[in-house]
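Containing compact mmCIF, C-alpha atoms: final10.txt.
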# COMPACT_ATOMS: atom_id res chain seq x y z
CA MET A 21 -163.25 119.03 -44.26
CA THR A 22 -162.17 119.47 -40.69
CA THR A 23 -164.46 122.26 -39.56
CA GLY A 24 -164.97 120.47 -36.22
CA SER A 25 -161.31 120.69 -35.24
CA PRO A 26 -160.73 122.35 -31.87
CA LEU A 27 -160.18 126.13 -31.99
CA PRO A 28 -158.32 128.32 -29.48
CA GLU A 29 -159.80 128.44 -25.97
CA PRO A 30 -161.70 131.68 -25.17
CA GLU A 31 -159.11 132.88 -22.69
CA ASP A 32 -156.32 132.12 -25.16
CA PHE A 33 -158.23 133.96 -27.86
CA GLU A 34 -158.55 137.15 -25.79
CA ILE A 35 -154.84 137.12 -25.02
CA TYR A 36 -154.13 136.58 -28.73
CA ARG A 37 -156.47 139.44 -29.72
CA ALA A 38 -154.83 141.90 -27.31
CA MET A 39 -151.39 140.94 -28.56
CA VAL A 40 -151.96 141.13 -32.30
CA GLU A 41 -154.24 144.14 -32.67
CA GLY A 42 -151.35 146.52 -32.13
CA ILE A 43 -149.24 144.96 -34.90
CA PRO A 44 -149.07 147.07 -38.11
CA ALA A 45 -150.18 144.14 -40.28
CA ILE A 46 -153.26 141.99 -40.75
CA VAL A 47 -153.18 139.02 -38.41
CA TYR A 48 -155.77 136.29 -38.87
CA LEU A 49 -156.90 132.83 -37.79
CA ASP A 50 -158.51 130.41 -40.27
CA ARG A 51 -160.15 127.06 -39.87
CA PRO A 52 -158.07 124.15 -41.25
CA ASP A 53 -160.67 123.36 -43.95
CA GLU A 54 -160.34 123.41 -47.73
CA PHE A 55 -161.60 127.00 -47.88
CA SER A 56 -159.46 128.27 -44.97
CA THR A 57 -162.63 129.79 -43.55
CA ASN A 58 -161.82 132.82 -41.46
CA PHE A 59 -162.92 133.11 -37.85
CA TYR A 60 -160.68 135.97 -36.70
CA MET A 61 -159.36 138.97 -38.63
CA SER A 62 -157.52 141.81 -36.91
CA PRO A 63 -158.87 145.38 -37.30
CA GLN A 64 -156.02 146.34 -39.62
CA ALA A 65 -157.95 144.57 -42.40
CA VAL A 66 -160.51 147.36 -42.34
CA HIS A 67 -157.84 150.04 -42.75
CA LEU A 68 -155.98 148.16 -45.50
CA LEU A 69 -158.79 146.58 -47.53
CA GLY A 70 -162.03 148.10 -46.22
CA TYR A 71 -163.70 144.82 -45.17
CA THR A 72 -164.94 144.20 -41.62
CA ALA A 73 -164.24 141.06 -39.60
CA GLU A 74 -167.89 140.09 -40.02
CA GLU A 75 -167.58 140.24 -43.82
CA TRP A 76 -164.47 138.06 -43.76
CA GLY A 77 -166.31 135.29 -41.94
CA ALA A 78 -169.65 135.66 -43.69
CA THR A 79 -169.03 133.04 -46.40
CA THR A 80 -166.46 130.31 -47.03
CA GLU A 81 -165.54 131.83 -50.41
CA PHE A 82 -165.14 135.46 -49.24
CA TRP A 83 -161.34 135.38 -49.35
CA PHE A 84 -161.16 133.82 -52.81
CA ASP A 85 -163.87 136.14 -54.11
CA LYS A 86 -161.75 139.19 -53.26
CA ILE A 87 -158.52 137.95 -54.84
CA HIS A 88 -157.65 139.47 -58.22
CA PRO A 89 -158.95 137.22 -61.03
CA ASP A 90 -155.46 136.90 -62.51
CA ASP A 91 -154.07 135.58 -59.21
CA VAL A 92 -156.87 133.49 -57.73
CA GLU A 93 -156.01 130.13 -59.34
CA ALA A 94 -152.38 130.28 -58.16
CA VAL A 95 -153.56 131.11 -54.61
CA ARG A 96 -156.10 128.26 -54.67
CA GLU A 97 -153.36 125.85 -55.70
CA GLU A 98 -151.01 127.03 -52.94
CA ASN A 99 -153.84 126.79 -50.38
CA ARG A 100 -154.66 123.24 -51.52
CA ARG A 101 -151.01 122.20 -51.36
CA SER A 102 -150.37 123.63 -47.90
CA THR A 103 -153.65 122.23 -46.52
CA GLU A 104 -152.99 118.70 -47.80
CA ALA A 105 -149.35 118.70 -46.69
CA GLY A 106 -149.87 120.69 -43.49
CA GLU A 107 -146.94 122.85 -44.55
CA LYS A 108 -146.42 126.62 -44.45
CA PHE A 109 -148.62 128.68 -46.76
CA PHE A 110 -146.90 131.48 -48.68
CA ALA A 111 -148.22 133.59 -51.55
CA GLU A 112 -147.96 137.07 -53.02
CA TYR A 113 -151.09 138.21 -54.79
CA ARG A 114 -153.46 141.09 -55.35
CA MET A 115 -156.70 141.61 -53.48
CA ILE A 116 -159.43 143.97 -54.60
CA ALA A 117 -160.18 146.44 -51.81
CA SER A 118 -163.71 147.59 -51.09
CA ASP A 119 -163.08 150.79 -53.07
CA GLY A 120 -161.98 148.79 -56.13
CA ARG A 121 -158.21 149.39 -55.98
CA PRO A 122 -155.81 146.44 -56.18
CA VAL A 123 -153.60 145.89 -53.12
CA TRP A 124 -150.56 143.65 -53.25
CA ILE A 125 -150.47 141.23 -50.30
CA ARG A 126 -147.73 138.98 -48.95
CA ASP A 127 -149.59 136.23 -47.10
CA GLU A 128 -147.85 133.73 -44.81
CA ALA A 129 -149.52 131.23 -42.49
CA VAL A 130 -148.52 128.21 -40.40
CA LEU A 131 -150.70 125.36 -39.19
CA VAL A 132 -151.06 125.19 -35.39
CA ARG A 133 -151.59 121.68 -34.01
CA ASP A 134 -152.74 120.35 -30.63
CA ALA A 135 -150.72 118.11 -28.34
CA GLU A 136 -151.76 115.02 -30.31
CA GLY A 137 -150.74 116.62 -33.61
CA ALA A 138 -154.26 117.29 -34.88
CA PRO A 139 -154.75 120.55 -36.85
CA ARG A 140 -156.29 123.33 -34.75
CA TYR A 141 -156.13 126.44 -36.93
CA TRP A 142 -154.06 128.41 -39.40
CA GLN A 143 -152.26 131.39 -37.93
CA GLY A 144 -151.28 133.93 -40.55
CA VAL A 145 -150.17 137.45 -41.31
CA MET A 146 -150.86 139.66 -44.33
CA LEU A 147 -148.52 142.52 -45.25
CA ASP A 148 -149.22 145.32 -47.71
CA ILE A 149 -146.36 145.14 -50.27
CA SER A 150 -147.90 147.46 -52.86
CA ALA A 151 -145.07 150.00 -52.55
CA GLN A 152 -142.48 147.25 -53.03
CA LYS A 153 -144.28 145.88 -56.08
CA GLU A 154 -144.58 149.38 -57.54
CA ALA A 155 -140.84 149.90 -57.03
CA GLU A 156 -140.12 146.52 -58.64
CA GLU A 157 -142.31 147.41 -61.60
CA LYS A 158 -140.54 150.75 -62.02
CA LEU A 159 -137.21 148.95 -61.83
CA ARG A 160 -138.33 146.41 -64.46
CA TRP A 161 -139.52 149.26 -66.66
CA SER A 162 -136.21 151.09 -66.20
CA LEU A 163 -134.26 147.95 -67.03
CA ASP A 164 -136.38 147.38 -70.14
CA VAL A 165 -135.76 150.97 -71.23
CA LEU A 166 -132.04 150.55 -70.51
CA ARG A 167 -131.89 147.31 -72.51
CA ARG A 168 -133.70 148.92 -75.44
CA THR A 169 -131.45 151.97 -75.26
CA ILE A 170 -128.33 149.82 -75.21
CA GLN A 171 -129.63 147.86 -78.18
CA GLN A 172 -130.42 151.10 -80.01
CA ARG A 173 -126.95 152.43 -79.27
CA ARG A 174 -125.38 149.23 -80.55
CA GLU A 175 -127.46 149.32 -83.70
CA LEU A 176 -126.71 153.01 -84.26
CA ALA A 177 -122.99 152.43 -83.63
CA ARG A 178 -123.07 149.59 -86.15
CA ARG A 179 -124.82 151.74 -88.74
CA LEU A 180 -122.51 154.69 -88.14
CA GLU A 181 -119.45 152.48 -88.41
CA HIS A 182 -120.82 151.00 -91.63
CA ALA A 183 -121.51 154.51 -92.96
CA GLN A 184 -118.01 155.64 -92.02
CA GLU A 185 -116.41 152.66 -93.74
CA GLU A 186 -118.51 153.23 -96.85
CA GLU A 187 -117.55 156.90 -96.78
CA ARG A 188 -113.85 155.99 -96.52
CA ARG A 189 -114.20 153.65 -99.50
CA ARG A 190 -115.99 156.35 -101.48
CA ILE A 191 -113.36 158.97 -100.67
CA ALA A 192 -110.56 156.55 -101.51
CA ALA A 193 -112.26 155.78 -104.83
CA ASP A 194 -112.80 159.50 -105.50
CA ILE A 195 -109.14 160.26 -104.83
CA HIS A 196 -108.05 157.39 -107.05
CA ASP A 197 -110.48 158.12 -109.87
CA ASP A 198 -110.16 161.89 -109.95
CA PRO A 199 -107.20 163.75 -108.37
CA ILE A 200 -104.68 160.92 -108.74
CA GLN A 201 -105.65 160.22 -112.35
CA VAL A 202 -105.72 163.93 -113.15
CA MET A 203 -102.31 164.51 -111.63
CA SER A 204 -101.01 161.39 -113.37
CA ALA A 205 -102.26 162.86 -116.64
CA VAL A 206 -100.52 166.15 -115.81
CA ASP A 207 -97.31 164.29 -115.07
CA LEU A 208 -97.55 162.37 -118.35
CA ARG A 209 -98.31 165.57 -120.28
CA LEU A 210 -95.31 167.35 -118.73
CA GLN A 211 -93.06 164.39 -119.54
CA MET A 212 -94.23 164.45 -123.16
CA LEU A 213 -93.59 168.18 -123.39
CA ALA A 214 -90.15 167.76 -121.88
CA ALA A 215 -89.32 164.90 -124.26
CA SER A 216 -90.49 166.79 -127.35
CA GLY A 217 -87.34 168.93 -127.35
CA ARG A 218 -89.23 171.96 -128.56
CA ALA A 219 -90.35 175.17 -126.99
CA VAL A 220 -93.61 174.91 -125.06
CA ASP A 221 -96.22 177.47 -126.08
CA ALA A 222 -98.49 179.32 -123.66
CA GLN A 223 -101.66 177.43 -124.62
CA GLU A 224 -100.12 174.09 -123.71
CA LEU A 225 -99.17 175.46 -120.29
CA LEU A 226 -102.68 176.90 -119.86
CA ASP A 227 -104.18 173.49 -120.64
CA VAL A 228 -102.02 171.88 -117.96
CA HIS A 229 -102.88 174.72 -115.59
CA GLU A 230 -106.61 174.14 -116.14
CA ILE A 231 -106.25 170.46 -115.37
CA VAL A 232 -104.38 171.24 -112.14
CA LEU A 233 -107.06 173.75 -111.09
CA ARG A 234 -109.79 171.14 -111.56
CA SER A 235 -107.83 168.72 -109.43
CA ILE A 236 -107.36 171.33 -106.69
CA ASP A 237 -111.08 172.12 -106.73
CA ARG A 238 -111.92 168.44 -106.37
CA LEU A 239 -109.49 168.10 -103.47
CA ARG A 240 -111.13 171.08 -101.79
CA SER A 241 -114.49 169.30 -102.13
CA LEU A 242 -113.06 166.23 -100.45
CA LEU A 243 -111.75 168.40 -97.60
CA PHE A 244 -115.25 169.77 -97.04
CA GLU A 245 -116.56 166.21 -96.94
CA LEU A 246 -113.91 165.15 -94.42
CA ARG A 247 -113.40 168.02 -91.97
CA PRO A 248 -112.95 171.61 -93.02
CA GLY A 249 -110.15 173.46 -91.28
CA ALA A 250 -112.49 176.39 -90.59
CA LEU A 251 -114.52 174.22 -88.20
CA ASP A 252 -111.60 174.15 -85.75
CA ARG A 253 -110.05 177.52 -86.56
CA GLU A 254 -113.04 179.81 -86.95
CA GLY A 255 -116.04 177.88 -85.66
CA LEU A 256 -119.29 176.25 -86.69
CA VAL A 257 -120.99 179.12 -88.51
CA VAL A 258 -117.97 179.97 -90.66
CA ALA A 259 -117.52 176.31 -91.60
CA LEU A 260 -121.21 176.02 -92.52
CA ARG A 261 -121.11 179.21 -94.56
CA GLN A 262 -118.09 177.96 -96.51
CA TYR A 263 -119.75 174.58 -97.06
CA LEU A 264 -122.97 176.17 -98.36
CA ASP A 265 -121.06 178.56 -100.63
CA HIS A 266 -119.07 175.63 -102.00
CA SER A 267 -122.25 173.54 -102.52
CA ALA A 268 -123.95 176.46 -104.26
CA HIS A 269 -121.29 176.55 -107.01
CA GLY A 270 -122.54 173.31 -108.50
CA SER A 271 -126.22 173.70 -107.66
CA GLY A 272 -126.97 177.34 -108.45
CA TRP A 273 -128.58 177.86 -105.05
CA ALA A 274 -129.11 181.09 -103.25
CA VAL A 275 -127.82 180.38 -99.74
CA GLU A 276 -128.22 182.08 -96.39
CA VAL A 277 -126.69 181.44 -92.98
CA VAL A 278 -128.20 183.03 -89.86
CA ASP A 279 -125.97 183.11 -86.77
CA GLU A 280 -127.72 183.37 -83.40
CA LEU A 281 -125.09 181.63 -81.28
CA THR A 282 -124.12 183.34 -78.05
CA SER A 283 -120.93 181.28 -77.77
CA GLU A 284 -119.07 178.78 -79.87
CA PRO A 285 -120.10 175.17 -79.08
CA ALA A 286 -117.59 172.74 -77.65
CA PRO A 287 -115.63 170.76 -80.29
CA GLU A 288 -117.67 167.55 -80.15
CA LEU A 289 -121.00 169.38 -80.30
CA ARG A 290 -119.68 171.60 -83.10
CA ALA A 291 -118.64 168.54 -85.13
CA ALA A 292 -121.98 166.78 -84.54
CA MET A 293 -123.92 169.84 -85.66
CA TYR A 294 -121.76 170.25 -88.74
CA ARG A 295 -122.32 166.59 -89.73
CA MET A 296 -126.08 166.89 -89.33
CA ALA A 297 -126.18 170.06 -91.42
CA GLN A 298 -123.89 168.45 -93.99
CA GLU A 299 -126.19 165.45 -94.32
CA ALA A 300 -129.28 167.64 -94.70
CA VAL A 301 -127.59 169.88 -97.28
CA THR A 302 -126.29 166.84 -99.20
CA ASN A 303 -129.83 165.43 -99.36
CA ALA A 304 -131.13 168.79 -100.56
CA ARG A 305 -128.41 169.05 -103.23
CA LYS A 306 -129.00 165.56 -104.59
CA HIS A 307 -132.78 165.28 -104.33
CA ALA A 308 -134.60 168.56 -103.64
CA ASN A 309 -134.13 170.57 -106.89
CA ALA A 310 -134.13 173.61 -104.64
CA SER A 311 -133.35 177.21 -105.53
CA HIS A 312 -132.76 178.43 -101.97
CA VAL A 313 -131.20 176.76 -98.93
CA GLY A 314 -131.01 178.48 -95.55
CA VAL A 315 -129.27 177.45 -92.33
CA GLU A 316 -130.01 178.95 -88.91
CA VAL A 317 -127.83 178.19 -85.89
CA ALA A 318 -128.87 179.38 -82.44
CA THR A 319 -128.15 178.88 -78.76
CA VAL A 320 -131.39 177.54 -77.28
CA GLU A 321 -132.09 176.12 -73.80
CA ASP A 322 -128.54 175.12 -72.80
CA GLY A 323 -127.87 173.62 -76.20
CA VAL A 324 -127.58 174.37 -79.87
CA ARG A 325 -130.40 174.27 -82.42
CA ILE A 326 -129.83 174.11 -86.15
CA ARG A 327 -132.43 174.46 -88.89
CA ILE A 328 -131.81 173.59 -92.52
CA ARG A 329 -134.62 174.71 -94.82
CA ASP A 330 -134.95 174.35 -98.60
CA ASP A 331 -137.68 175.29 -101.06
CA GLY A 332 -137.33 172.12 -103.12
CA ASP A 333 -139.58 169.26 -104.14
CA GLY A 334 -140.23 167.95 -100.63
CA PHE A 335 -141.19 164.38 -99.79
CA VAL A 336 -143.20 162.27 -97.34
CA PRO A 337 -140.97 161.80 -94.24
CA SER A 338 -142.59 158.48 -93.30
CA LYS A 339 -141.43 157.03 -96.62
CA VAL A 340 -137.74 157.89 -96.22
CA ASP A 341 -135.62 155.09 -97.62
CA ALA A 342 -132.69 153.46 -95.84
CA PRO A 343 -129.51 155.57 -95.78
CA ARG A 344 -127.46 155.51 -98.95
CA PRO A 345 -123.97 153.99 -98.66
CA GLY A 346 -121.60 156.41 -96.97
CA HIS A 347 -124.33 158.53 -95.34
CA ILE A 348 -126.03 158.35 -91.95
CA GLY A 349 -129.41 159.21 -93.48
CA LEU A 350 -132.19 161.45 -92.19
CA SER A 351 -133.79 158.72 -90.03
CA THR A 352 -130.46 157.93 -88.39
CA MET A 353 -129.97 161.63 -87.67
CA VAL A 354 -133.11 161.46 -85.51
CA GLU A 355 -131.82 158.42 -83.60
CA ARG A 356 -128.37 159.94 -83.21
CA ALA A 357 -129.79 163.14 -81.69
CA GLU A 358 -132.10 161.28 -79.29
CA LEU A 359 -129.35 159.02 -77.99
CA VAL A 360 -127.31 162.03 -76.81
CA GLY A 361 -130.31 163.64 -75.15
CA GLY A 362 -131.40 165.86 -78.03
CA TRP A 363 -133.98 165.69 -80.78
CA CYS A 364 -134.26 165.99 -84.51
CA ARG A 365 -137.43 166.38 -86.56
CA ILE A 366 -138.10 166.53 -90.25
CA GLU A 367 -141.01 168.44 -91.76
CA SER A 368 -141.74 168.05 -95.44
CA ALA A 369 -144.47 167.45 -97.98
CA PRO A 370 -144.46 167.04 -101.75
CA GLY A 371 -144.00 170.47 -103.31
CA GLN A 372 -143.58 172.17 -99.92
CA GLY A 373 -139.83 172.00 -99.40
CA THR A 374 -138.12 170.47 -96.36
CA LEU A 375 -137.18 171.61 -92.87
CA VAL A 376 -134.66 169.61 -90.84
CA GLU A 377 -134.45 170.90 -87.27
CA CYS A 378 -132.14 169.45 -84.63
CA TRP A 379 -131.25 170.37 -81.06
CA LEU A 380 -128.37 168.90 -79.05
CA PRO A 381 -127.56 169.69 -75.42
CA ALA A 382 -124.34 171.51 -74.64
CA ASP A 383 -121.89 169.09 -73.06
CA GLY A 384 -118.61 170.70 -72.12
CA GLU A 385 -117.12 174.14 -72.02
CA ASP A 386 -118.04 176.48 -74.83
CA GLU A 387 -115.26 178.29 -76.64
CA VAL A 388 -115.19 182.03 -77.32
CA TYR A 389 -113.96 183.19 -80.72
CA PRO A 390 -112.93 186.70 -81.72
CA GLY A 391 -116.01 188.85 -82.14
CA ARG A 392 -118.26 186.45 -80.21
CA THR A 393 -119.18 187.01 -76.57
CA ALA A 394 -120.32 184.31 -74.17
Spell out the structure here as structure tokens.
Amino acid sequence: MTTGSPLPEPEDFEIYRAMVEGIPAIVYLDRPDEFSTNFYMSPQAVHLLGYTAEEWGATTEFWFDKIHPDDVEAVREENRRSTEAGEKFFAEYRMIASDGRPVWIRDEAVLVRDAEGAPRYWQGVMLDISAQKEAEEKLRWSLDVLRRTIQQRRELARRLEHAQEEERRRIAADIHDDPIQVMSAVDLRLQMLAASGRAVDAQELLDVHEIVLRSIDRLRSLLFELRPGALDREGLVVALRQYLDHSAHGSGWAVEVVDELTSEPAPELRAAMYRMAQEAVTNARKHANASHVGVEVATVEDGVRIRIRDDGDGFVPSKVDAPRPGHIGLSTMVERAELVGGWCRIESAPGQGTLVECWLPADGEDEVYPGRTA
């Protein structure tokens, strides 16, 4: 220890005091000992931390006692290093103020020597950097959120692309296995009739006609799966009504569509809403055993809300399986809505039916269709 090292002369000290007490920072002088015992602390310390100059110099461990427990060992190590080497001290750490709040401090000090090079005292300054640290923490949090969002978007894009590719494969297989084979059978039947050299009776033509009608009906189903023309020509509600009517043919549902839109959504929003309703209706058709399916579409809070409700078997939403090939799945619908600033929630319970409710913000100019006012 070097507690006997010469300190500033009294007249020098008074000049120093007058100079530093107007600075908007804590200025201090410490003895060049292993504890950096304080012997002068400017009045700003009271305003910043709540401790008087007398408290600062009361014990050799006062400074270390007030440093945040998570930071004290690093500060001790920096103090030891700078004391042994006689080099500049620099540290950023938290101190616990007298009222219990943590205050971030940037602490810098240099060793002042006499003419012979012997240590006289440490001259230092403490700055309150709490606002800076708070801003840095907010920035780190924002960056973490941004990184997670980017990762979620990438994962969702990957899943959507996979679903789209699976859907293309399924549609290609459906076209090959059904309409193409049916029409090939029609072609073969017509060739056989032509080659028979006899008159064709009405029943044979009706049989061919029936086969063609089944093929046309299947092609219409594929069009609904892809993109119905009504979505672009007549709007979201008409397209949904046609899709529900078409789905009801094979399921025996009673269907209802409630239109509370004040204007037709922009094309991208319209398509997104149609896909979400299509996915919910498909799940209801394949799994719900429902007798009634209702769809409500409404303009709500600068966006569009859609509700798809069925009275089917219901399920436990937390136990939803991964999406089936070719479908985005109910869980992915939630992610998809959130990533564009909307939301999607699913309410269901065994025996209680299912409600899928989604809201997406309007993004772009709405379109006005005949009979609909903005």
Original post:
Please, which residues are within 6 Å of (-152.2, 140.4, -38.5) by the file's coordinates, counting all atoms listed in the file, and could they come as a ChimeraX atom specification?
Top reply: /A:45-48,62,145
Subject >> Within 10 Å of Thr80 of chain A using all atoms listed in the file, minus same-chain residues under 4 positions, as an MDAnalysis selection string >> reply: chainID A and resid 53:58 76 84:85
Original post:
Can you tell me how far atom CA of Gln143 of chain A sits from atom CA of Asn99 of chain A, in Å to one decimal?
Top reply: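 Atom CA of Asn99 of chain A lies 13.4 Å from atom CA of Gln143 of chain A.
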Nearby residues (all atoms listed in the file) at most 9 Å from segment 291-298 of chain A, same-chain spacing under 5 positions excluded, as a short mmCIF file (atom, residue, chain, number, x, y, z; two decimals) with C-alpha atoms, keeping the file's coordinate frame:
data_model
loop_
_atom_site.label_atom_id
_atom_site.label_comp_id
_atom_site.auth_asym_id
_atom_site.auth_seq_id
_atom_site.Cartn_x
_atom_site.Cartn_y
_atom_site.Cartn_z
CA GLU A 245 -116.56 166.21 -96.94
CA ARG A 247 -113.40 168.02 -91.97
CA LEU A 251 -114.52 174.22 -88.20
CA LEU A 256 -119.29 176.25 -86.69
CA VAL A 257 -120.99 179.12 -88.51
CA ALA A 259 -117.52 176.31 -91.60
CA LEU A 260 -121.21 176.02 -92.52
CA TYR A 263 -119.75 174.58 -97.06
CA LEU A 264 -122.97 176.17 -98.36
CA ALA A 286 -117.59 172.74 -77.65
CA ASN A 303 -129.83 165.43 -99.36
CA VAL A 315 -129.27 177.45 -92.33
CA VAL A 324 -127.58 174.37 -79.87
CA ARG A 325 -130.40 174.27 -82.42
CA ILE A 326 -129.83 174.11 -86.15
CA ARG A 327 -132.43 174.46 -88.89
CA ILE A 328 -131.81 173.59 -92.52
CA ILE A 348 -126.03 158.35 -91.95
CA LEU A 350 -132.19 161.45 -92.19
CA MET A 353 -129.97 161.63 -87.67
CA VAL A 376 -134.66 169.61 -90.84
CA CYS A 378 -132.14 169.45 -84.63
CA TRP A 379 -131.25 170.37 -81.06
CA LEU A 380 -128.37 168.90 -79.05
#
Subject >> Interatomic distance, atom CA of Arg160 of chain A to atom CA of Trp124 of chain A (Å, one decimal) >> reply: 16.8 Å
**OP:** Do a neighbour search on Met146 of chain A at 12 Å with all atoms listed in the file, toss out local chain neighbours closer than 4 positions, and write the hits as a ChimeraX atom specification.
**Re:** /A:43-49,61-62,64-65,68-69,109-115,123-129,150
**OP:** Write out as a list in words each polymer residue whose atoms come within 12 Å of Asp265 of chain A, counting only C-alpha atoms; drop sequence neighbours fewer than 3 positions from it.
**Re:**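 Skipping anything fewer than 3 positions along the chain leaves Ser241, Phe244, Val258, Ala259, Leu260, Arg261, Gln262, Ala268, His269, Gly270, Ser271, Gly272, Trp273, Ala274, Val275, Glu276, Val277, Val301, His312, Val313, Gly314 and Val315 of chain A.
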Original post:
Which residue, A:His266, A:Arg209, A:Lys86, A:Arg218, has the smallest gap to Arg240 of chain A when you use only C-alpha atoms?
Top reply: A:His266
**OP:** Would you mind reading off the distance between atom CA of Asp330 of chain A and atom CA of Glu367 of chain A, one decimal, in Å?
**Re:**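 It comes out at 10.9 Å.
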Subject >> Counting all atoms listed in the file, the option among A:Arg178, A:Glu288, A:Gly361, A:Phe59 closest to Thr72 of chain A >> reply: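 Between A:Arg178, A:Glu288, A:Gly361, A:Phe59, the residue approaching Thr72 of chain A most closely is A:Phe59.
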Would you fill the gaps in segment 306-318 of chain A so it has N, CA and C atoms, then print it as a compact mmCIF listing (two decimals), in the frame of the given file?
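File part27.txt, as written:
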# COMPACT_ATOMS: atom_id res chain seq x y z
N LYS A 306 -128.85 166.71 -103.70
CA LYS A 306 -129.00 165.56 -104.59
C LYS A 306 -130.45 165.25 -104.94
N HIS A 307 -131.40 165.72 -104.11
CA HIS A 307 -132.78 165.28 -104.33
C HIS A 307 -133.82 166.39 -104.40
N ALA A 308 -133.53 167.58 -103.86
CA ALA A 308 -134.60 168.56 -103.64
C ALA A 308 -134.92 169.42 -104.85
N ASN A 309 -133.94 169.61 -105.79
CA ASN A 309 -134.13 170.57 -106.89
C ASN A 309 -134.50 171.94 -106.34
N ALA A 310 -133.80 172.36 -105.31
CA ALA A 310 -134.13 173.61 -104.64
C ALA A 310 -133.45 174.79 -105.31
N SER A 311 -133.99 175.98 -105.07
CA SER A 311 -133.35 177.21 -105.53
C SER A 311 -132.79 178.01 -104.36
N HIS A 312 -133.23 177.70 -103.15
CA HIS A 312 -132.76 178.43 -101.97
C HIS A 312 -132.58 177.45 -100.82
N VAL A 313 -131.46 177.57 -100.12
CA VAL A 313 -131.20 176.76 -98.93
C VAL A 313 -130.73 177.71 -97.83
N GLY A 314 -131.37 177.64 -96.68
CA GLY A 314 -131.01 178.48 -95.55
C GLY A 314 -130.66 177.65 -94.33
N VAL A 315 -129.68 178.12 -93.56
CA VAL A 315 -129.27 177.45 -92.33
C VAL A 315 -129.31 178.47 -91.21
N GLU A 316 -129.97 178.10 -90.10
CA GLU A 316 -130.01 178.95 -88.91
C GLU A 316 -129.38 178.18 -87.76
N VAL A 317 -128.47 178.80 -87.05
CA VAL A 317 -127.83 178.19 -85.89
C VAL A 317 -128.05 179.10 -84.70
N ALA A 318 -128.54 178.54 -83.59
CA ALA A 318 -128.87 179.38 -82.44
C ALA A 318 -128.59 178.64 -81.14
